[in-house]
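Participant: Got a structure for you, questions after.
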Amino acid sequence: PSAEHQNSAAGRLRKWREKNWEQNNTAWHKRAVNGALGKYAHQLLVAPRDGTKAKEIYDAQGGHVVLFPLSGKTLDIVYAATRKEVASVVGVEGVRLAVKEFAREHPSLDLRETKTTPGGGLLGRFLPAIFKDEATATETWEGGRVTILRADWFDATLSDAKATAVFDRGALVAIHPSLRESYVSQLETAVVPGARVLIVGIERQGSASGVAMGPPFHTTVDDIAALFSSERWSAPILLETKGMDDGGPLPERFAKAGLTAVNEQIVLVERK
(Lines give C-alpha, C1' and ligand atoms only; values in the text may rest on other atoms or scores of the structure.)
Protein backbone atom coordinates (compact mmCIF):
# COMPACT_ATOMS: atom_id res chain seq x y z
CA PRO A 1 0.00 0.00 0.00
CA SER A 2 1.09 3.58 -0.66
CA ALA A 3 2.30 5.82 2.14
CA GLU A 4 -0.86 7.89 1.71
CA HIS A 5 -3.01 4.81 2.11
CA GLN A 6 -1.09 3.65 5.16
CA ASN A 7 -1.41 7.07 6.76
CA SER A 8 -5.17 7.10 6.21
CA ALA A 9 -5.46 3.56 7.62
CA ALA A 10 -3.38 4.55 10.64
CA GLY A 11 -5.54 7.62 11.22
CA ARG A 12 -8.76 5.62 10.91
CA LEU A 13 -7.69 2.96 13.40
CA ARG A 14 -6.18 5.47 15.81
CA LYS A 15 -9.35 7.60 15.80
CA TRP A 16 -11.55 4.55 16.35
CA ARG A 17 -9.33 3.29 19.16
CA GLU A 18 -9.00 6.63 20.94
CA LYS A 19 -12.63 7.67 20.59
CA ASN A 20 -14.19 4.34 21.44
CA TRP A 21 -11.98 1.64 22.94
CA GLU A 22 -9.75 3.82 25.12
CA GLN A 23 -12.80 5.73 26.39
CA ASN A 24 -14.77 2.52 26.96
CA ASN A 25 -17.33 3.87 24.51
CA THR A 26 -18.37 0.49 23.13
CA ALA A 27 -22.10 0.39 23.81
CA TRP A 28 -22.67 -1.49 20.55
CA HIS A 29 -21.23 -4.58 22.24
CA LYS A 30 -24.10 -6.37 23.92
CA ARG A 31 -23.89 -8.67 26.92
CA ALA A 32 -25.88 -11.31 25.10
CA VAL A 33 -25.71 -13.06 21.76
CA ASN A 34 -27.15 -10.95 18.95
CA GLY A 35 -30.82 -11.78 18.44
CA ALA A 36 -30.53 -11.97 14.66
CA LEU A 37 -27.76 -14.56 14.88
CA GLY A 38 -29.67 -16.63 17.39
CA LYS A 39 -32.90 -16.46 15.37
CA TYR A 40 -31.47 -17.05 11.91
CA ALA A 41 -28.47 -19.27 12.65
CA HIS A 42 -30.36 -22.19 11.14
CA GLN A 43 -30.46 -20.33 7.80
CA LEU A 44 -26.90 -19.05 7.94
CA LEU A 45 -25.42 -22.35 9.08
CA VAL A 46 -27.42 -24.73 6.94
CA ALA A 47 -25.24 -27.17 4.97
CA PRO A 48 -24.07 -25.44 1.76
CA ARG A 49 -25.50 -26.44 -1.60
CA ASP A 50 -24.04 -29.54 -3.25
CA GLY A 51 -21.44 -28.83 -5.89
CA THR A 52 -20.17 -25.62 -4.30
CA LYS A 53 -16.74 -24.90 -2.86
CA ALA A 54 -18.47 -24.12 0.43
CA LYS A 55 -19.91 -27.63 0.57
CA GLU A 56 -16.50 -29.12 -0.20
CA ILE A 57 -14.91 -27.21 2.70
CA TYR A 58 -17.88 -27.90 4.99
CA ASP A 59 -17.53 -31.65 4.42
CA ALA A 60 -13.74 -31.63 4.76
CA GLN A 61 -13.73 -29.55 7.97
CA GLY A 62 -16.77 -31.17 9.53
CA GLY A 63 -18.66 -27.89 9.67
CA HIS A 64 -18.65 -24.22 8.69
CA VAL A 65 -15.80 -21.74 8.75
CA VAL A 66 -17.59 -18.65 10.10
CA LEU A 67 -16.14 -15.17 9.54
CA PHE A 68 -16.85 -12.11 11.72
CA PRO A 69 -15.66 -8.87 10.03
CA LEU A 70 -14.64 -6.01 12.35
CA SER A 71 -15.30 -8.40 15.20
CA GLY A 72 -14.33 -6.31 18.22
CA LYS A 73 -14.98 -8.44 21.29
CA THR A 74 -18.42 -9.71 20.36
CA LEU A 75 -19.93 -12.62 22.27
CA ASP A 76 -21.26 -13.88 18.94
CA ILE A 77 -17.83 -15.40 18.23
CA VAL A 78 -18.05 -17.56 21.34
CA TYR A 79 -21.63 -18.54 20.51
CA ALA A 80 -20.71 -19.55 16.96
CA ALA A 81 -17.75 -21.60 18.20
CA THR A 82 -20.10 -23.73 20.34
CA ARG A 83 -22.49 -24.55 17.49
CA LYS A 84 -22.35 -28.13 16.24
CA GLU A 85 -22.52 -26.91 12.62
CA VAL A 86 -19.30 -24.88 13.05
CA ALA A 87 -15.77 -26.20 12.64
CA SER A 88 -13.92 -22.93 13.21
CA VAL A 89 -14.44 -19.20 13.66
CA VAL A 90 -12.34 -16.35 12.26
CA GLY A 91 -12.61 -12.77 13.49
CA VAL A 92 -10.91 -9.78 11.87
CA GLU A 93 -10.37 -6.74 14.09
CA GLY A 94 -8.13 -3.70 13.61
CA VAL A 95 -7.75 -2.50 17.20
CA ARG A 96 -5.30 -4.44 19.35
CA LEU A 97 -6.98 -3.35 22.58
CA ALA A 98 -10.23 -4.95 21.41
CA VAL A 99 -8.51 -8.28 20.80
CA LYS A 100 -6.77 -8.17 24.17
CA GLU A 101 -10.06 -7.45 25.95
CA PHE A 102 -11.75 -10.31 24.11
CA ALA A 103 -8.98 -12.70 25.14
CA ARG A 104 -9.13 -11.52 28.75
CA GLU A 105 -12.93 -11.80 28.96
CA HIS A 106 -12.95 -15.36 27.59
CA PRO A 107 -10.10 -17.18 29.36
CA SER A 108 -11.59 -20.58 28.50
CA LEU A 109 -10.57 -19.99 24.87
CA ASP A 110 -6.92 -19.66 25.93
CA LEU A 111 -6.50 -17.18 23.08
CA ARG A 112 -2.84 -16.39 22.49
CA GLU A 113 -0.85 -14.38 19.97
CA THR A 114 0.85 -16.99 17.78
CA LYS A 115 2.19 -14.96 14.87
CA THR A 116 3.19 -11.34 14.35
CA THR A 117 4.19 -9.41 11.24
CA PRO A 118 5.45 -6.07 12.62
CA GLY A 119 4.99 -3.69 9.71
CA GLY A 120 6.46 -0.22 10.10
CA GLY A 121 9.26 -0.78 7.55
CA LEU A 122 12.82 -1.46 8.66
CA LEU A 123 12.28 0.00 12.11
CA GLY A 124 9.34 -2.34 12.62
CA ARG A 125 11.42 -5.30 11.47
CA PHE A 126 14.29 -4.69 13.89
CA LEU A 127 12.42 -3.02 16.78
CA PRO A 128 8.94 -4.57 16.61
CA ALA A 129 8.07 -3.86 20.24
CA ILE A 130 8.43 -0.13 19.59
CA PHE A 131 7.37 0.28 15.98
CA LYS A 132 4.52 -2.26 15.69
CA ASP A 133 2.03 -0.02 13.89
CA GLU A 134 -1.64 -1.05 13.97
CA ALA A 135 -2.18 0.11 10.39
CA THR A 136 0.56 -2.06 8.85
CA ALA A 137 1.24 -4.81 11.40
CA THR A 138 -0.78 -7.99 11.60
CA GLU A 139 -1.12 -10.46 14.44
CA THR A 140 -2.74 -13.87 14.64
CA TRP A 141 -4.37 -14.95 17.90
CA GLU A 142 -5.51 -18.54 18.29
CA GLY A 143 -7.34 -20.58 20.89
CA GLY A 144 -9.61 -23.59 20.57
CA ARG A 145 -11.70 -23.23 17.45
CA VAL A 146 -11.24 -19.45 17.32
CA THR A 147 -8.72 -17.42 15.32
CA ILE A 148 -8.55 -13.62 15.48
CA LEU A 149 -6.62 -11.76 12.80
CA ARG A 150 -5.59 -8.40 14.23
CA ALA A 151 -5.30 -6.31 11.08
CA ASP A 152 -6.85 -3.45 9.19
CA TRP A 153 -9.74 -5.07 7.28
CA PHE A 154 -9.00 -3.13 4.12
CA ASP A 155 -5.37 -4.28 3.93
CA ALA A 156 -5.65 -7.76 5.42
CA THR A 157 -4.90 -10.84 3.31
CA LEU A 158 -8.17 -12.72 3.65
CA SER A 159 -7.99 -15.29 0.87
CA ASP A 160 -6.78 -17.95 3.32
CA ALA A 161 -9.95 -17.62 5.41
CA LYS A 162 -12.07 -19.59 2.90
CA ALA A 163 -15.14 -18.74 4.93
CA THR A 164 -18.36 -20.65 4.28
CA ALA A 165 -20.54 -18.35 6.42
CA VAL A 166 -20.32 -14.73 7.55
CA PHE A 167 -22.16 -12.78 10.24
CA ASP A 168 -22.02 -9.01 9.76
CA ARG A 169 -23.84 -7.29 12.56
CA GLY A 170 -21.74 -4.16 12.97
CA ALA A 171 -19.24 -3.94 10.12
CA LEU A 172 -21.03 -2.69 7.00
CA VAL A 173 -23.06 -0.19 9.03
CA ALA A 174 -19.98 1.04 10.93
CA ILE A 175 -17.77 2.03 8.02
CA HIS A 176 -18.26 5.24 6.07
CA PRO A 177 -20.43 4.71 2.96
CA SER A 178 -17.49 5.76 0.78
CA LEU A 179 -15.64 2.60 1.88
CA ARG A 180 -18.46 0.13 1.30
CA GLU A 181 -17.37 -1.06 -2.13
CA SER A 182 -13.86 -1.71 -0.81
CA TYR A 183 -15.37 -3.57 2.13
CA VAL A 184 -17.38 -5.86 -0.14
CA SER A 185 -14.37 -6.44 -2.40
CA GLN A 186 -12.41 -7.66 0.60
CA LEU A 187 -15.33 -9.81 1.70
CA GLU A 188 -15.40 -11.47 -1.70
CA THR A 189 -11.79 -12.55 -1.28
CA ALA A 190 -12.54 -14.06 2.14
CA VAL A 191 -15.51 -16.26 1.21
CA VAL A 192 -15.90 -19.16 -1.20
CA PRO A 193 -18.73 -19.82 -3.70
CA GLY A 194 -21.78 -21.08 -1.87
CA ALA A 195 -21.02 -19.10 1.31
CA ARG A 196 -23.91 -17.30 2.99
CA VAL A 197 -23.70 -13.86 4.61
CA LEU A 198 -26.16 -12.68 7.25
CA ILE A 199 -26.17 -8.88 7.50
CA VAL A 200 -27.88 -6.64 10.05
CA GLY A 201 -28.61 -3.38 8.25
CA ILE A 202 -30.00 -0.14 9.66
CA GLU A 203 -33.08 1.67 8.33
CA ARG A 204 -33.66 5.21 9.60
CA GLN A 205 -36.78 7.31 9.20
CA GLY A 206 -37.10 11.03 9.82
CA SER A 207 -35.03 14.10 8.99
CA ALA A 208 -32.51 13.94 6.13
CA SER A 209 -29.67 14.95 8.46
CA GLY A 210 -30.68 12.28 10.94
CA VAL A 211 -30.78 9.60 8.26
CA ALA A 212 -27.30 10.63 7.05
CA MET A 213 -25.64 10.59 10.49
CA GLY A 214 -23.50 7.72 11.63
CA PRO A 215 -22.10 5.37 12.59
CA PRO A 216 -24.10 3.23 12.47
CA PHE A 217 -25.00 4.42 8.97
CA HIS A 218 -28.31 4.01 7.17
CA THR A 219 -27.89 0.71 5.27
CA THR A 220 -31.03 -0.90 3.90
CA VAL A 221 -31.71 -4.00 1.82
CA ASP A 222 -31.70 -1.76 -1.28
CA ASP A 223 -28.22 -0.48 -0.40
CA ILE A 224 -27.04 -4.05 0.08
CA ALA A 225 -28.52 -5.11 -3.26
CA ALA A 226 -26.59 -2.30 -4.97
CA LEU A 227 -23.32 -3.29 -3.28
CA PHE A 228 -23.49 -7.05 -3.77
CA SER A 229 -23.17 -7.50 -7.52
CA SER A 230 -25.70 -9.84 -9.12
CA GLU A 231 -22.82 -11.38 -11.07
CA ARG A 232 -21.24 -12.68 -7.86
CA TRP A 233 -24.09 -12.76 -5.35
CA SER A 234 -27.65 -13.97 -5.15
CA ALA A 235 -30.42 -11.40 -4.75
CA PRO A 236 -30.57 -10.29 -1.09
CA ILE A 237 -33.40 -11.80 0.92
CA LEU A 238 -35.00 -9.53 3.54
CA LEU A 239 -35.74 -11.87 6.44
CA GLU A 240 -37.10 -9.31 8.87
CA THR A 241 -37.48 -5.62 9.68
CA LYS A 242 -37.76 -4.88 13.38
CA GLY A 243 -37.22 -2.04 15.80
CA MET A 244 -33.63 -1.49 16.85
CA ASP A 245 -32.79 -3.09 20.22
CA ASP A 246 -35.93 -5.20 19.92
CA GLY A 247 -38.28 -2.24 19.74
CA GLY A 248 -37.10 -0.39 22.83
CA PRO A 249 -37.34 3.40 23.17
CA LEU A 250 -35.52 5.43 20.54
CA PRO A 251 -32.08 6.47 21.88
CA GLU A 252 -31.93 10.14 22.81
CA ARG A 253 -29.27 11.00 20.24
CA PHE A 254 -31.48 9.65 17.44
CA ALA A 255 -34.54 11.54 18.66
CA LYS A 256 -32.54 14.77 18.92
CA ALA A 257 -31.40 14.27 15.32
CA GLY A 258 -35.01 14.32 14.15
CA LEU A 259 -35.43 10.59 13.61
CA THR A 260 -38.82 9.01 14.17
CA ALA A 261 -37.77 5.36 13.84
CA VAL A 262 -34.62 3.25 13.61
CA ASN A 263 -35.09 -0.32 12.43
CA GLU A 264 -32.84 -3.27 11.86
CA GLN A 265 -33.15 -5.07 8.54
CA ILE A 266 -31.94 -8.67 8.62
CA VAL A 267 -30.67 -9.62 5.16
CA LEU A 268 -29.26 -12.87 3.74
CA VAL A 269 -27.08 -13.10 0.61
CA GLU A 270 -25.19 -16.01 -0.95
CA ARG A 271 -21.95 -15.99 -2.94
CA LYS A 272 -22.42 -17.52 -6.37
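Going by the C-alpha coordinates order, chains are called A, B, ..., each with residues numbered from 1, while ligands are numbered from 1 in the order shown.
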Against region 163-179 of chain A, which residues of region 44-99 of chain A fall within 7 Å? For each one I want the closest pair of atoms and the distance in Å (one decimal), counting only C-alpha atoms, rows by chain and increasing residue number, as JSON lines.

Facilitator:
```
{"residue": "A:Leu44", "atom": "CA", "partner": "A:Ala165", "partner_atom": "CA", "distance": 6.6}
{"residue": "A:Leu45", "atom": "CA", "partner": "A:Ala165", "partner_atom": "CA", "distance": 6.8}
{"residue": "A:Ala54", "atom": "CA", "partner": "A:Thr164", "partner_atom": "CA", "distance": 5.2}
{"residue": "A:His64", "atom": "CA", "partner": "A:Thr164", "partner_atom": "CA", "distance": 5.7}
{"residue": "A:Val65", "atom": "CA", "partner": "A:Ala163", "partner_atom": "CA", "distance": 4.9}
{"residue": "A:Val66", "atom": "CA", "partner": "A:Ala165", "partner_atom": "CA", "distance": 4.7}
{"residue": "A:Leu67", "atom": "CA", "partner": "A:Val166", "partner_atom": "CA", "distance": 4.6}
{"residue": "A:Phe68", "atom": "CA", "partner": "A:Phe167", "partner_atom": "CA", "distance": 5.6}
{"residue": "A:Pro69", "atom": "CA", "partner": "A:Ala171", "partner_atom": "CA", "distance": 6.1}
{"residue": "A:Leu70", "atom": "CA", "partner": "A:Ala171", "partner_atom": "CA", "distance": 5.5}
```

Participant: For those residues, write N, CA, C and O atoms to a file as a PDB file, in the first residue's frame.

Facilitator:
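So part04.pdb came out as:
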```pdb
ATOM      1  N   LEU A  44     -28.291 -19.363   8.251  1.00  0.00           N
ATOM      2  CA  LEU A  44     -26.898 -19.046   7.939  1.00  0.00           C
ATOM      3  C   LEU A  44     -26.038 -20.302   7.925  1.00  0.00           C
ATOM      4  O   LEU A  44     -25.163 -20.465   7.072  1.00  0.00           O
ATOM      5  N   LEU A  45     -26.299 -21.202   8.864  1.00  0.00           N
ATOM      6  CA  LEU A  45     -25.418 -22.351   9.076  1.00  0.00           C
ATOM      7  C   LEU A  45     -25.968 -23.650   8.499  1.00  0.00           C
ATOM      8  O   LEU A  45     -25.489 -24.741   8.840  1.00  0.00           O
ATOM      9  N   ALA A  54     -18.087 -24.168  -0.977  1.00  0.00           N
ATOM     10  CA  ALA A  54     -18.466 -24.117   0.433  1.00  0.00           C
ATOM     11  C   ALA A  54     -18.823 -25.508   0.953  1.00  0.00           C
ATOM     12  O   ALA A  54     -18.449 -25.876   2.070  1.00  0.00           O
ATOM     13  N   HIS A  64     -18.908 -25.521   9.317  1.00  0.00           N
ATOM     14  CA  HIS A  64     -18.653 -24.223   8.686  1.00  0.00           C
ATOM     15  C   HIS A  64     -17.399 -23.545   9.219  1.00  0.00           C
ATOM     16  O   HIS A  64     -16.999 -23.735  10.370  1.00  0.00           O
ATOM     17  N   VAL A  65     -16.806 -22.724   8.351  1.00  0.00           N
ATOM     18  CA  VAL A  65     -15.805 -21.741   8.755  1.00  0.00           C
ATOM     19  C   VAL A  65     -16.531 -20.400   8.767  1.00  0.00           C
ATOM     20  O   VAL A  65     -16.928 -19.884   7.717  1.00  0.00           O
ATOM     21  N   VAL A  66     -16.753 -19.840   9.955  1.00  0.00           N
ATOM     22  CA  VAL A  66     -17.586 -18.646  10.104  1.00  0.00           C
ATOM     23  C   VAL A  66     -16.700 -17.422  10.304  1.00  0.00           C
ATOM     24  O   VAL A  66     -15.845 -17.396  11.200  1.00  0.00           O
ATOM     25  N   LEU A  67     -16.930 -16.406   9.497  1.00  0.00           N
ATOM     26  CA  LEU A  67     -16.144 -15.170   9.540  1.00  0.00           C
ATOM     27  C   LEU A  67     -16.944 -14.051  10.193  1.00  0.00           C
ATOM     28  O   LEU A  67     -18.129 -13.855   9.886  1.00  0.00           O
ATOM     29  N   PHE A  68     -16.272 -13.300  11.086  1.00  0.00           N
ATOM     30  CA  PHE A  68     -16.847 -12.114  11.721  1.00  0.00           C
ATOM     31  C   PHE A  68     -15.996 -10.905  11.343  1.00  0.00           C
ATOM     32  O   PHE A  68     -14.914 -10.708  11.908  1.00  0.00           O
ATOM     33  N   PRO A  69     -16.424 -10.076  10.382  1.00  0.00           N
ATOM     34  CA  PRO A  69     -15.663  -8.872  10.028  1.00  0.00           C
ATOM     35  C   PRO A  69     -15.760  -7.816  11.131  1.00  0.00           C
ATOM     36  O   PRO A  69     -16.802  -7.676  11.786  1.00  0.00           O
ATOM     37  N   LEU A  70     -14.676  -7.070  11.338  1.00  0.00           N
ATOM     38  CA  LEU A  70     -14.638  -6.009  12.348  1.00  0.00           C
ATOM     39  C   LEU A  70     -15.243  -6.524  13.652  1.00  0.00           C
ATOM     40  O   LEU A  70     -16.211  -5.983  14.194  1.00  0.00           O
TER      41      LEU A  70
END
```

Participant: For Gln205 (chain A), please output as a VMD selection string all residues within 6 Å (counting only C-alpha atoms; exclusion window: fewer than 3 positions along the same chain).

Facilitator: chain A and resid 259 to 261

Participant: For region 216-230 of chain A, find every residue with an atom within 7 Å (counting only C-alpha atoms), except residues of its own chain fewer than 3 positions away, and show them as a VMD selection string.

Facilitator: chain A and resid 173 to 174 181 201 to 204 211 to 213 233 to 236 238 265 267

Participant: Excluding same-chain residues fewer than 3 positions from region 97-113 of chain A, what lies within 6 Å of it counting only C-alpha atoms, as a PyMOL selection string?

Facilitator: chain A and resi 72-73+140-144

Participant: Could you dump the residues just selected with N, CA and C atoms as a PDB file, in the first residue's frame?

Facilitator:
```pdb
ATOM      1  N   GLY A  72     -14.368  -6.877  16.882  1.00  0.00           N
ATOM      2  CA  GLY A  72     -14.332  -6.307  18.220  1.00  0.00           C
ATOM      3  C   GLY A  72     -14.151  -7.396  19.261  1.00  0.00           C
ATOM      4  N   LYS A  73     -15.028  -7.395  20.270  1.00  0.00           N
ATOM      5  CA  LYS A  73     -14.982  -8.445  21.290  1.00  0.00           C
ATOM      6  C   LYS A  73     -16.365  -9.088  21.445  1.00  0.00           C
ATOM      7  N   THR A 140      -1.797 -12.759  14.611  1.00  0.00           N
ATOM      8  CA  THR A 140      -2.739 -13.865  14.641  1.00  0.00           C
ATOM      9  C   THR A 140      -2.854 -14.374  16.066  1.00  0.00           C
ATOM     10  N   TRP A 141      -4.085 -14.433  16.565  1.00  0.00           N
ATOM     11  CA  TRP A 141      -4.373 -14.952  17.898  1.00  0.00           C
ATOM     12  C   TRP A 141      -5.187 -16.224  17.726  1.00  0.00           C
ATOM     13  N   GLU A 142      -4.823 -17.266  18.447  1.00  0.00           N
ATOM     14  CA  GLU A 142      -5.509 -18.544  18.294  1.00  0.00           C
ATOM     15  C   GLU A 142      -5.815 -19.169  19.651  1.00  0.00           C
ATOM     16  N   GLY A 143      -6.954 -19.851  19.698  1.00  0.00           N
ATOM     17  CA  GLY A 143      -7.342 -20.576  20.894  1.00  0.00           C
ATOM     18  C   GLY A 143      -8.570 -21.419  20.611  1.00  0.00           C
ATOM     19  N   GLY A 144      -8.480 -22.714  20.853  1.00  0.00           N
ATOM     20  CA  GLY A 144      -9.609 -23.585  20.570  1.00  0.00           C
ATOM     21  C   GLY A 144      -9.974 -23.544  19.098  1.00  0.00           C
TER      22      GLY A 144
END
```

Participant: Could you name the residues that touch Ala87 (chain A) at 7 Å or less, counting only C-alpha atoms, but leaving out those on the same chain fewer than 2 positions away, as a PyMOL selection string?

Facilitator: chain A and resi 61-65+85+145

Participant: What does the distance from CA of Pro48 (chain A) to CA of Ala36 (chain A) come to in Å, to one decimal?

Facilitator: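 According to the coordinates, CA of Pro48 (chain A) and CA of Ala36 (chain A) are separated by 19.7 Å.
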
Participant: Using only C-alpha atoms, find the one residue out of A:Ile266, A:Ala257, A:Ala41, A:Leu250 that sits nearest to Ile237 (chain A).

Facilitator: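 Answer, going by the shortest atom-to-atom distance: A:Ile266.
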